[in-house]
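Peer 1: Just dropping this structure here.
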Amino acid sequence: MGFDERKQEPPGVQEQMRQVPDCGEDSYRGSGKLTGKIAVITGGDSGIGRAVAIAYAREGADIVLSYLNEHADAEAVRKLVEDAGRRIVLAPGDLSDAAVCRALIDTAVREFGRVDILVSNAAYQMTHEDLDEISDEEFDYTFKVNVSAYFTLVKAALPHMGAGGSIIASSSVNSDMPSPTLAPYAATKAAIANLSASLAQLLGPRGIRVNSVAPGPIWTPLIPSTMPEKKVESFGDDTPLGRAGQPAELAPAYVLLASDEGSYMSGARVAVTGGRPIL
């Protein structure tokens, strides 16, 4: 397909992209699968998180939307959720800080009384051709945002999540097909898949399901803001389907895992990779 997109500062702003990702704004149709549910979604301002927020709202859920500082993107999602007739609370903040993670769950409980669905989707990545380019600080930050935040959010949410609750984490095809230029990110995605499998076994007796989704190359603001132009131009071309995916193509997997239709799905890693296998 090929993308011609101007460089942005990470994590990127969807509202400023020339080739805007399709998050299902004009295509997703709900059918009440999540009626009355309360969902916390991190990284929900753009890309996969935005697609999940749109789908969840149109399926009947109210949303607490976590994002870093991309206020224009978050306000666009607010309008889409409210247009679907659902409530949304915006919660900006850096999830590398455990206190911010706990405050996010506190906000959900204060506004809605409970958490039914937790989607841990926010992530940091950066491309590096040489190991010496990766600072200790960046390595630690990547793990804090991608893995530690997930752990902290789950611990904070559990007292407010009953039987039937669903926890969904965004892993990646990089979890077992790691890109060498995304080494810290790929390692965190393997950790997320592994942690999700452990949590599914720990929380199953409480009636709480835990799964992860493993996206392949998906067109989001993170791609042009963290990858060299040459890689952006050919992004996704090497998949069996021959193209990058759009965030809207991920949303149905997250809906299934959150809904009663996925009531016996726990401990799974669902591949949405354009044909790239995961083990």
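Ligands are numbered from 1 in the order shown, chains are lettered A, B, ... in the order of the structure tokens, and residues start at 1 in each chain.
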Can you list, as JSON, numbers by chain, every protein, DNA or RNA residue that comes within 9 Å of range 201-212 of chain A when you count only C-alpha atoms, leaving out same-chain residues fewer than 2 positions away?
Peer 2: {"A": [161, 162, 163, 164, 165, 166, 167, 168, 169, 170, 171, 172, 192, 193, 196, 197, 198, 199, 214, 254, 257, 258, 263, 264, 265, 266, 267, 268, 269, 270, 271]}
Peer 1: Could you name the residues that touch range 16-28 of chain A at 10 Å or less, counting only C-alpha atoms, but leaving out those on the same chain fewer than 5 positions away, as an mmCIF file with C-alpha atoms, in the first residue's frame?
Peer 2:
```cif
data_model
loop_
_atom_site.group_PDB
_atom_site.id
_atom_site.type_symbol
_atom_site.label_atom_id
_atom_site.label_comp_id
_atom_site.auth_asym_id
_atom_site.auth_seq_id
_atom_site.Cartn_x
_atom_site.Cartn_y
_atom_site.Cartn_z
ATOM 1 C CA PHE A 3 2.286 5.446 3.430
ATOM 2 C CA ASP A 4 3.479 9.007 2.920
ATOM 3 C CA GLU A 5 3.155 10.569 6.355
ATOM 4 C CA ARG A 6 4.974 13.477 7.946
ATOM 5 C CA LYS A 7 7.039 12.870 11.068
ATOM 6 C CA GLN A 8 5.566 13.745 14.455
ATOM 7 C CA SER A 46 -6.071 7.340 18.958
ATOM 8 C CA GLY A 47 -5.316 4.172 17.048
ATOM 9 C CA ILE A 48 -6.402 0.853 18.538
ATOM 10 C CA GLY A 49 -7.611 2.413 21.793
ATOM 11 C CA ARG A 50 -9.833 4.856 19.932
ATOM 12 C CA ALA A 51 -11.312 2.044 17.844
ATOM 13 C CA VAL A 52 -12.033 0.068 21.017
ATOM 14 C CA ALA A 53 -13.659 3.084 22.694
ATOM 15 C CA ILE A 54 -15.905 3.710 19.683
ATOM 16 C CA ALA A 55 -16.929 0.053 19.493
ATOM 17 C CA TYR A 56 -17.531 -0.278 23.232
ATOM 18 C CA ARG A 58 -21.759 1.685 20.380
ATOM 19 C CA GLU A 59 -22.154 -1.662 22.140
ATOM 20 C CA ALA A 72 -7.520 17.184 20.670
ATOM 21 C CA ASP A 73 -7.611 13.461 19.926
ATOM 22 C CA VAL A 77 -13.267 10.485 20.995
ATOM 23 C CA LEU A 80 -17.960 10.032 19.222
ATOM 24 C CA ILE A 218 -1.528 -1.580 12.477
ATOM 25 C CA TRP A 219 -1.584 1.986 11.125
ATOM 26 C CA THR A 220 -1.659 4.348 14.124
ATOM 27 C CA PRO A 221 0.022 7.664 15.032
ATOM 28 C CA PRO A 224 5.139 7.649 11.795
ATOM 29 C CA GLY A 245 -4.237 -3.265 9.233
ATOM 30 C CA GLN A 246 -6.505 -0.476 10.415
ATOM 31 C CA PRO A 247 -7.518 -0.030 14.066
ATOM 32 C CA ALA A 248 -11.154 -0.727 13.148
ATOM 33 C CA GLU A 249 -10.086 -4.250 12.207
ATOM 34 C CA LEU A 250 -8.968 -4.868 15.823
ATOM 35 C CA ALA A 251 -12.095 -3.626 17.591
ATOM 36 C CA PRO A 252 -14.240 -6.766 17.078
#
```
Peer 1: Using only C-alpha atoms, which of A:Thr181, A:Thr188, A:Thr142, A:Gln14 sits nearest Lys231 in chain A?
Peer 2: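 Nearest candidate to Lys231 in chain A out of A:Thr181, A:Thr188, A:Thr142, A:Gln14: A:Thr181.
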Peer 1: From range 30-171 of chain A, collect each residue whose DSSP state is helix (DSSP H, G or I) and return the set as a PyMOL selection string.
Peer 2: chain A and resi 47-58+71-83+98-112+131-133+136-160
Peer 1: Report as a ChimeraX atom specification: the residues of range 114-184 of chain A with a DSSP assignment of strand (DSSP E or B), based on the backbone of this structure.
Peer 2: /A:117-120,166-170
Peer 1: May I ask for the distance between CA of Pro217 in chain A and CA of Val119 in chain A, given in Å to one decimal place?
Peer 2: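 Value for the CA of Pro217 in chain A-CA of Val119 in chain A distance: 19.3 Å.
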Peer 1: Which is closer to Ala157 in chain A than all the others in A:Leu118, A:Ala244, A:Val145, A:Leu131, using only C-alpha atoms?
Peer 2: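 Once distances to Ala157 in chain A are computed over only C-alpha atoms, the minimum belongs to A:Leu118.
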Peer 1: Using only C-alpha atoms, which residue out of A:Asp116, A:Asp176, A:Glu15, A:Asp136 lies closest to Lys189 in chain A?
Peer 2: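 The closest residue to Lys189 in chain A is A:Asp176.
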Peer 1: Quick one: residues within 9 Å of Arg78 in chain A, only C-alpha atoms counted, chain neighbours fewer than 2 positions away excluded, as a list of chain:residue names?
Peer 2: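 Those residues are A:Asp45, A:Leu65, A:Asp73, A:Ala74, A:Glu75, A:Ala76, A:Leu80, A:Val81, A:Glu82, A:Asp83, A:Arg87, A:Ile88, A:Val89, A:Leu90.
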